[in-house]
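Engineer: Hey, dropping protein27.tsv in here, TSV, C-alpha atoms:
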```tsv
chain	number	residue	atom	x	y	z
A	1	MET	CA	-39.66	98.52	212.38
A	2	LEU	CA	-41.29	98.89	208.98
A	3	ALA	CA	-44.68	99.28	210.67
A	4	CYS	CA	-43.31	102.06	212.87
A	5	VAL	CA	-41.86	103.87	209.86
A	6	LEU	CA	-45.15	103.64	207.97
A	7	ALA	CA	-47.11	104.81	211.01
A	8	LEU	CA	-44.89	107.84	211.50
A	9	ALA	CA	-44.60	108.80	207.83
A	10	PRO	CA	-47.81	110.89	207.63
A	11	ALA	CA	-46.91	112.94	210.71
A	12	THR	CA	-43.38	113.43	209.35
A	13	TRP	CA	-44.82	114.66	206.06
A	14	MET	CA	-47.09	117.15	207.85
A	15	HIS	CA	-44.22	118.59	209.87
A	16	ALA	CA	-41.96	118.82	206.82
A	17	VAL	CA	-44.61	120.68	204.83
A	18	ALA	CA	-45.91	122.96	207.57
A	19	ASP	CA	-43.33	123.64	210.29
A	20	SER	CA	-41.81	126.68	208.58
A	21	ARG	CA	-45.26	128.16	207.97
A	22	VAL	CA	-46.57	128.18	211.53
A	23	ARG	CA	-46.27	131.64	213.07
A	24	THR	CA	-47.71	133.84	215.81
A	25	VAL	CA	-50.30	136.54	215.15
A	26	ALA	CA	-47.52	139.13	215.25
A	27	GLN	CA	-45.18	137.20	212.93
A	28	VAL	CA	-47.54	135.82	210.29
A	29	PRO	CA	-47.38	137.52	206.87
A	30	ALA	CA	-50.42	139.59	205.94
A	31	GLN	CA	-52.90	137.82	203.66
A	32	ASP	CA	-56.31	138.86	202.40
A	33	VAL	CA	-58.19	136.02	204.10
A	34	ALA	CA	-58.14	134.21	207.43
A	35	VAL	CA	-59.76	130.77	207.57
A	36	VAL	CA	-61.10	129.68	210.96
A	37	PHE	CA	-62.03	126.01	211.35
A	38	GLY	CA	-65.00	124.97	213.48
A	39	ALA	CA	-64.39	123.27	216.83
A	40	GLY	CA	-67.82	122.57	218.25
A	41	LEU	CA	-70.65	124.39	220.01
A	42	TRP	CA	-71.99	124.20	223.53
A	43	LYS	CA	-75.59	125.31	223.94
A	44	GLY	CA	-75.36	127.14	220.63
A	45	ARG	CA	-72.19	129.06	221.49
A	46	PRO	CA	-68.57	128.38	220.53
A	47	THR	CA	-66.72	125.99	222.79
A	48	PRO	CA	-63.68	127.50	224.56
A	49	TYR	CA	-61.32	126.10	221.93
A	50	LEU	CA	-63.36	127.58	219.11
A	51	ALA	CA	-63.68	130.89	220.97
A	52	HIS	CA	-59.88	131.06	221.25
A	53	ARG	CA	-59.54	130.48	217.50
A	54	LEU	CA	-62.00	133.29	216.87
A	55	ASP	CA	-60.19	135.59	219.31
A	56	ALA	CA	-56.99	135.05	217.29
A	57	ALA	CA	-58.83	135.78	214.03
A	58	ALA	CA	-60.27	138.98	215.49
A	59	GLU	CA	-56.77	139.97	216.56
A	60	LEU	CA	-55.48	139.35	213.04
A	61	TYR	CA	-58.24	141.55	211.66
A	62	ARG	CA	-57.61	144.37	214.13
A	63	ALA	CA	-53.88	144.23	213.40
A	64	GLY	CA	-54.54	144.61	209.68
A	65	LYS	CA	-53.08	141.18	208.92
A	66	VAL	CA	-56.28	140.04	207.16
A	67	LYS	CA	-59.19	141.80	205.47
A	68	VAL	CA	-61.80	139.02	205.48
A	69	VAL	CA	-62.51	136.08	207.78
A	70	LEU	CA	-63.90	132.85	206.29
A	71	VAL	CA	-65.55	130.78	209.02
A	72	THR	CA	-65.96	127.15	208.06
A	73	GLY	CA	-67.87	124.56	210.02
A	74	ASP	CA	-70.75	122.14	210.34
A	75	ASN	CA	-74.36	123.08	209.63
A	76	SER	CA	-75.62	119.60	208.78
A	77	ARG	CA	-78.49	119.84	211.28
A	78	VAL	CA	-81.03	122.62	211.79
A	79	GLU	CA	-80.21	122.86	215.48
A	80	TYR	CA	-76.42	122.95	214.95
A	81	ASP	CA	-74.93	125.91	213.10
A	82	GLU	CA	-71.23	126.48	213.69
A	83	PRO	CA	-70.68	129.21	211.07
A	84	ASP	CA	-73.48	131.47	212.35
A	85	ALA	CA	-72.30	131.06	215.95
A	86	MET	CA	-68.77	131.92	214.81
A	87	ARG	CA	-70.04	134.99	212.96
A	88	THR	CA	-71.95	136.21	216.02
A	89	TYR	CA	-68.88	135.76	218.20
A	90	LEU	CA	-66.61	137.64	215.78
A	91	THR	CA	-68.98	140.58	215.43
A	92	SER	CA	-69.11	140.83	219.23
A	93	ARG	CA	-65.31	141.13	219.11
A	94	GLY	CA	-65.36	144.01	216.65
A	95	VAL	CA	-65.08	142.28	213.27
A	96	PRO	CA	-67.64	143.86	210.89
A	97	ASP	CA	-70.31	141.48	209.69
A	98	LYS	CA	-69.62	142.41	206.07
A	99	ARG	CA	-66.03	141.18	206.48
A	100	ILE	CA	-67.14	137.69	207.55
A	101	VAL	CA	-68.00	134.94	205.06
A	102	SER	CA	-69.62	131.65	206.09
A	103	ASP	CA	-68.94	128.18	204.73
A	104	TYR	CA	-71.74	125.93	205.98
A	105	ALA	CA	-70.26	122.66	204.66
A	106	GLY	CA	-66.84	122.56	206.29
A	107	PHE	CA	-67.40	119.10	207.73
A	108	ASP	CA	-63.71	118.33	208.20
A	109	THR	CA	-60.34	119.96	207.55
A	110	TRP	CA	-59.96	118.63	204.00
A	111	ASP	CA	-63.48	119.66	203.03
A	112	SER	CA	-62.87	123.16	204.41
A	113	CYS	CA	-59.61	123.54	202.50
A	114	VAL	CA	-61.01	122.30	199.18
A	115	ARG	CA	-64.11	124.45	199.49
A	116	ALA	CA	-62.03	127.51	200.39
A	117	LYS	CA	-60.25	127.12	197.04
A	118	LYS	CA	-62.94	125.74	194.72
A	119	ILE	CA	-66.07	127.40	196.11
A	120	PHE	CA	-64.80	130.67	197.59
A	121	GLY	CA	-61.78	131.27	195.35
A	122	VAL	CA	-59.26	131.61	198.17
A	123	ARG	CA	-55.71	131.28	196.87
A	124	ARG	CA	-53.75	132.50	199.91
A	125	ALA	CA	-54.80	132.48	203.54
A	126	VAL	CA	-53.84	132.55	207.19
A	127	LEU	CA	-55.28	129.47	208.87
A	128	VAL	CA	-56.35	129.67	212.51
A	129	THR	CA	-56.71	126.66	214.77
A	130	GLN	CA	-55.07	125.08	217.83
A	131	GLY	CA	-51.37	124.26	217.81
A	132	PHE	CA	-51.90	120.50	217.69
A	133	HIS	CA	-54.07	120.86	214.55
A	134	ILE	CA	-52.36	123.67	212.66
A	135	ARG	CA	-49.77	121.59	210.79
A	136	ARG	CA	-52.41	119.26	209.42
A	137	ALA	CA	-54.50	122.26	208.36
A	138	VAL	CA	-51.57	123.93	206.60
A	139	ALA	CA	-50.49	120.71	204.87
A	140	LEU	CA	-54.01	119.94	203.66
A	141	CYS	CA	-54.79	123.45	202.47
A	142	ARG	CA	-51.54	123.58	200.55
A	143	ALA	CA	-52.41	120.21	198.98
A	144	ALA	CA	-55.80	121.70	198.03
A	145	GLY	CA	-54.12	124.64	196.30
A	146	VAL	CA	-54.32	127.31	199.02
A	147	GLU	CA	-50.95	128.90	199.78
A	148	SER	CA	-51.15	128.94	203.56
A	149	TYR	CA	-49.54	130.17	206.74
A	150	GLY	CA	-50.87	129.07	210.10
A	151	VAL	CA	-51.45	130.61	213.49
A	152	GLY	CA	-51.44	127.90	216.14
A	153	VAL	CA	-53.49	128.97	219.15
A	154	ALA	CA	-51.88	127.94	222.43
A	155	GLU	CA	-53.93	126.13	225.05
A	156	PRO	CA	-53.30	124.76	228.56
A	157	HIS	CA	-52.30	121.11	228.47
A	158	ASP	CA	-55.61	119.85	229.84
A	159	ALA	CA	-57.59	116.71	228.99
A	160	THR	CA	-59.00	118.30	225.83
A	161	TRP	CA	-55.51	119.22	224.63
A	162	TYR	CA	-54.21	115.70	225.16
A	163	TYR	CA	-57.25	114.26	223.40
A	164	GLY	CA	-56.68	116.60	220.46
A	165	GLY	CA	-53.01	115.73	220.25
A	166	THR	CA	-53.73	112.00	220.34
A	167	ARG	CA	-56.45	112.38	217.72
A	168	GLU	CA	-53.97	114.11	215.40
A	169	MET	CA	-51.76	111.03	215.36
A	170	PHE	CA	-54.60	109.04	213.81
A	171	ALA	CA	-55.86	111.91	211.62
A	172	ALA	CA	-52.43	112.22	209.99
A	173	GLY	CA	-53.02	109.02	208.02
A	174	LYS	CA	-56.30	110.25	206.56
A	175	ALA	CA	-54.67	113.61	205.81
A	176	ALA	CA	-51.92	111.94	203.81
A	177	LEU	CA	-54.50	109.99	201.81
A	178	ASP	CA	-56.57	113.13	201.17
A	179	ALA	CA	-53.46	114.98	199.96
A	180	ALA	CA	-52.44	112.08	197.74
A	181	PHE	CA	-55.82	111.34	196.14
A	182	THR	CA	-57.50	114.81	196.46
A	183	PRO	CA	-61.11	113.59	196.77
A	184	ASP	CA	-64.00	115.99	196.38
A	185	PRO	CA	-65.50	117.15	199.68
A	186	ARG	CA	-68.74	115.65	200.96
A	187	PHE	CA	-70.59	118.62	199.50
A	188	LEU	CA	-69.10	120.77	196.78
A	189	GLY	CA	-71.85	122.84	195.19
A	190	ALA	CA	-71.63	125.99	193.13
A	191	GLU	CA	-69.05	128.74	193.43
A	192	GLU	CA	-69.93	131.50	195.89
A	193	PRO	CA	-68.88	135.16	195.54
A	194	GLY	CA	-68.81	136.00	199.27
A	195	VAL	CA	-65.05	136.30	199.70
A	196	ARG	CA	-64.56	138.18	196.44
A	197	GLU	CA	-67.34	140.65	197.32
A	198	ALA	CA	-66.05	141.16	200.85
A	199	LEU	CA	-62.55	141.89	199.56
A	200	ALA	CA	-63.90	144.30	196.96
A	201	ALA	CA	-65.83	146.13	199.68
A	202	ALA	CA	-62.72	146.25	201.88
A	203	ALA	CA	-60.77	147.88	199.03
A	204	ARG	CA	-63.18	150.78	198.69
```
Using the file provided, produce a representation of the structure as structure tokens.

Structural biologist:
Amino acid sequence: MLACVLALAPATWMHAVADSRVRTVAQVPAQDVAVVFGAGLWKGRPTPYLAHRLDAAAELYRAGKVKVVLVTGDNSRVEYDEPDAMRTYLTSRGVPDKRIVSDYAGFDTWDSCVRAKKIFGVRRAVLVTQGFHIRRAVALCRAAGVESYGVGVAEPHDATWYYGGTREMFAAGKAALDAAFTPDPRFLGAEEPGVREALAAAAR
């Protein structure tokens, strides 16, 4: 019984922290910045799950809910560049290039949240990802110092969805440790002015 309690504790923490902050595109409070987490590429283009996240971010921008979109993903290899693929997709959906900022070292959810705060100066944001991932994203970004609301993108309950949901059960433990010990991301680096400059341009 004790083992079951310990196993379920991280997921319980995530739901307690994040449930009240998960909204739809229409319901989410307006914030300056949307953060879209990477979800893989296929032949250099966003996978369907990533495309759906980007569609939701574009909808937030068109609705005036956000002014800038921070795309965060993996660019650890020359041939694999999530942020640039995400930028290209967003511009094709009507989001101006100058309103998009790229984080090339968002290797996992914790890294993306910490870098959003420490590198890009994001203090408040709307997070965009699939429904099975959104609570972990909100909980981790809040632990990293980003006051967050989340938009959970709905998906058909296919094999990928079940895989993602199962993966979250195991990821919850790491998330709780990250929130408790707040390690630095794999790559921190110097502060970048991209978000600040994009917001200043949007205010003109």

Engineer: Please determine, counting all atoms listed in the file, which residue among A:Val138, A:Ala144, A:Ala34, A:Ala180 has the shortest atom-to-atom distance to Tyr61 in chain A.

Structural biologist: A:Ala34

Engineer: Find, counting only C-alpha atoms, the residue in A:Ala39, A:Ala203, A:Cys141, A:Val17 that gets nearest to Thr160 in chain A.

Structural biologist: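 Going through A:Ala39, A:Ala203, A:Cys141, A:Val17 one by one, the smallest distance to Thr160 in chain A is for A:Ala39.
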
Engineer: Figure out the distance between CA of Ile119 in chain A and CA of Glu192 in chain A, please, to one decimal in Å.

Structural biologist: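 According to the coordinates, CA of Glu192 in chain A and CA of Ile119 in chain A are separated by 5.6 Å.
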
Engineer: Which is closest to Val101 in chain A among A:Leu127, A:Ala202, A:Ala176, A:Val35, if we use all atoms listed in the file?

Structural biologist: A:Val35

Engineer: Take CA of Pro83 in chain A and CA of Gly150 in chain A and report the distance between them in Å, one decimal.

Structural biologist: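 Interatomic distance here is 19.8 Å.
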
Engineer: For range 75-163 of chain A versus range 47-53 of chain A, which residues have an atom no more than 12 Å away, and what is each residue's nearest atom pair and distance in Å rounded to one decimal, using all atoms listed in the file, chain-then-number order, as JSON lines?

Structural biologist:
```
{"residue": "A:Glu82", "atom": "CA", "partner": "A:Leu50", "partner_atom": "CA", "distance": 9.6}
{"residue": "A:Pro83", "atom": "CA", "partner": "A:Leu50", "partner_atom": "CA", "distance": 11.0}
{"residue": "A:Ala85", "atom": "CA", "partner": "A:Ala51", "partner_atom": "CA", "distance": 10.0}
{"residue": "A:Met86", "atom": "CA", "partner": "A:Ala51", "partner_atom": "CA", "distance": 8.1}
{"residue": "A:Arg87", "atom": "CA", "partner": "A:Ala51", "partner_atom": "CA", "distance": 11.0}
{"residue": "A:Thr88", "atom": "CA", "partner": "A:Ala51", "partner_atom": "CA", "distance": 11.0}
{"residue": "A:Tyr89", "atom": "CA", "partner": "A:Ala51", "partner_atom": "CA", "distance": 7.6}
{"residue": "A:Leu90", "atom": "CA", "partner": "A:Ala51", "partner_atom": "CA", "distance": 9.0}
{"residue": "A:Ser92", "atom": "CA", "partner": "A:Ala51", "partner_atom": "CA", "distance": 11.5}
{"residue": "A:Arg93", "atom": "CA", "partner": "A:Ala51", "partner_atom": "CA", "distance": 10.5}
{"residue": "A:Val126", "atom": "CA", "partner": "A:Arg53", "partner_atom": "CA", "distance": 12.0}
{"residue": "A:Leu127", "atom": "CA", "partner": "A:Arg53", "partner_atom": "CA", "distance": 9.7}
{"residue": "A:Val128", "atom": "CA", "partner": "A:Arg53", "partner_atom": "CA", "distance": 6.0}
{"residue": "A:Thr129", "atom": "CA", "partner": "A:Arg53", "partner_atom": "CA", "distance": 5.5}
{"residue": "A:Gln130", "atom": "CA", "partner": "A:Arg53", "partner_atom": "CA", "distance": 7.0}
{"residue": "A:Gly131", "atom": "CA", "partner": "A:Arg53", "partner_atom": "CA", "distance": 10.3}
{"residue": "A:Phe132", "atom": "CA", "partner": "A:Tyr49", "partner_atom": "CA", "distance": 11.8}
{"residue": "A:His133", "atom": "CA", "partner": "A:Arg53", "partner_atom": "CA", "distance": 11.5}
{"residue": "A:Ile134", "atom": "CA", "partner": "A:Arg53", "partner_atom": "CA", "distance": 11.0}
{"residue": "A:Gly150", "atom": "CA", "partner": "A:Arg53", "partner_atom": "CA", "distance": 11.5}
{"residue": "A:Val151", "atom": "CA", "partner": "A:Arg53", "partner_atom": "CA", "distance": 9.0}
{"residue": "A:Gly152", "atom": "CA", "partner": "A:Arg53", "partner_atom": "CA", "distance": 8.6}
{"residue": "A:Val153", "atom": "CA", "partner": "A:Arg53", "partner_atom": "CA", "distance": 6.5}
{"residue": "A:Ala154", "atom": "CA", "partner": "A:His52", "partner_atom": "CA", "distance": 8.7}
{"residue": "A:Glu155", "atom": "CA", "partner": "A:Tyr49", "partner_atom": "CA", "distance": 8.0}
{"residue": "A:Pro156", "atom": "CA", "partner": "A:Tyr49", "partner_atom": "CA", "distance": 10.5}
{"residue": "A:Asp158", "atom": "CA", "partner": "A:Tyr49", "partner_atom": "CA", "distance": 11.6}
{"residue": "A:Thr160", "atom": "CA", "partner": "A:Tyr49", "partner_atom": "CA", "distance": 9.0}
{"residue": "A:Trp161", "atom": "CA", "partner": "A:Tyr49", "partner_atom": "CA", "distance": 9.4}
```

Engineer: For the atom pair CA of Leu140 in chain A and CA of Val71 in chain A, what is the interatomic distance in Å to one decimal place?

Structural biologist: 16.7 Å

Engineer: Near Tyr80 in chain A, counting all atoms listed in the file, which residues have an atom at most 8 Å away, once you skip same-chain residues fewer than 4 positions from it, shown as a list in words?

Structural biologist: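 Once the nearby chain positions are removed, what remains is Leu41, Gly44, Asp74, Asn75 and Ser76 of chain A.
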
Engineer: Next, write the just-selected residues to a file, as a PDB file, keeping the file's coordinate frame, keeping C-alpha atoms as the atom set.

Structural biologist:
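And here is the file that came out, selection_27.pdb:
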```pdb
ATOM      1  CA  LEU A  41     -70.650 124.390 220.010  1.00  0.00           C
ATOM      2  CA  GLY A  44     -75.360 127.140 220.630  1.00  0.00           C
ATOM      3  CA  ASP A  74     -70.750 122.140 210.340  1.00  0.00           C
ATOM      4  CA  ASN A  75     -74.360 123.080 209.630  1.00  0.00           C
ATOM      5  CA  SER A  76     -75.620 119.600 208.780  1.00  0.00           C
TER       6      SER A  76
END
```

Engineer: Pick the closest to Lys98 in chain A from A:Ala171, A:Val122, A:Val78, A:Leu70: which is it, counting all atoms listed in the file?

Structural biologist: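 Among the listed residues, the smallest separation from Lys98 in chain A belongs to A:Leu70.
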
Engineer: Go through A:Asp81, A:Asp32, A:Glu191, A:Asp97 and flag the residue nearest Gly64 in chain A, using all atoms listed in the file for the distances.

Structural biologist: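 Nearest candidate to Gly64 in chain A out of A:Asp81, A:Asp32, A:Glu191, A:Asp97: A:Asp32.
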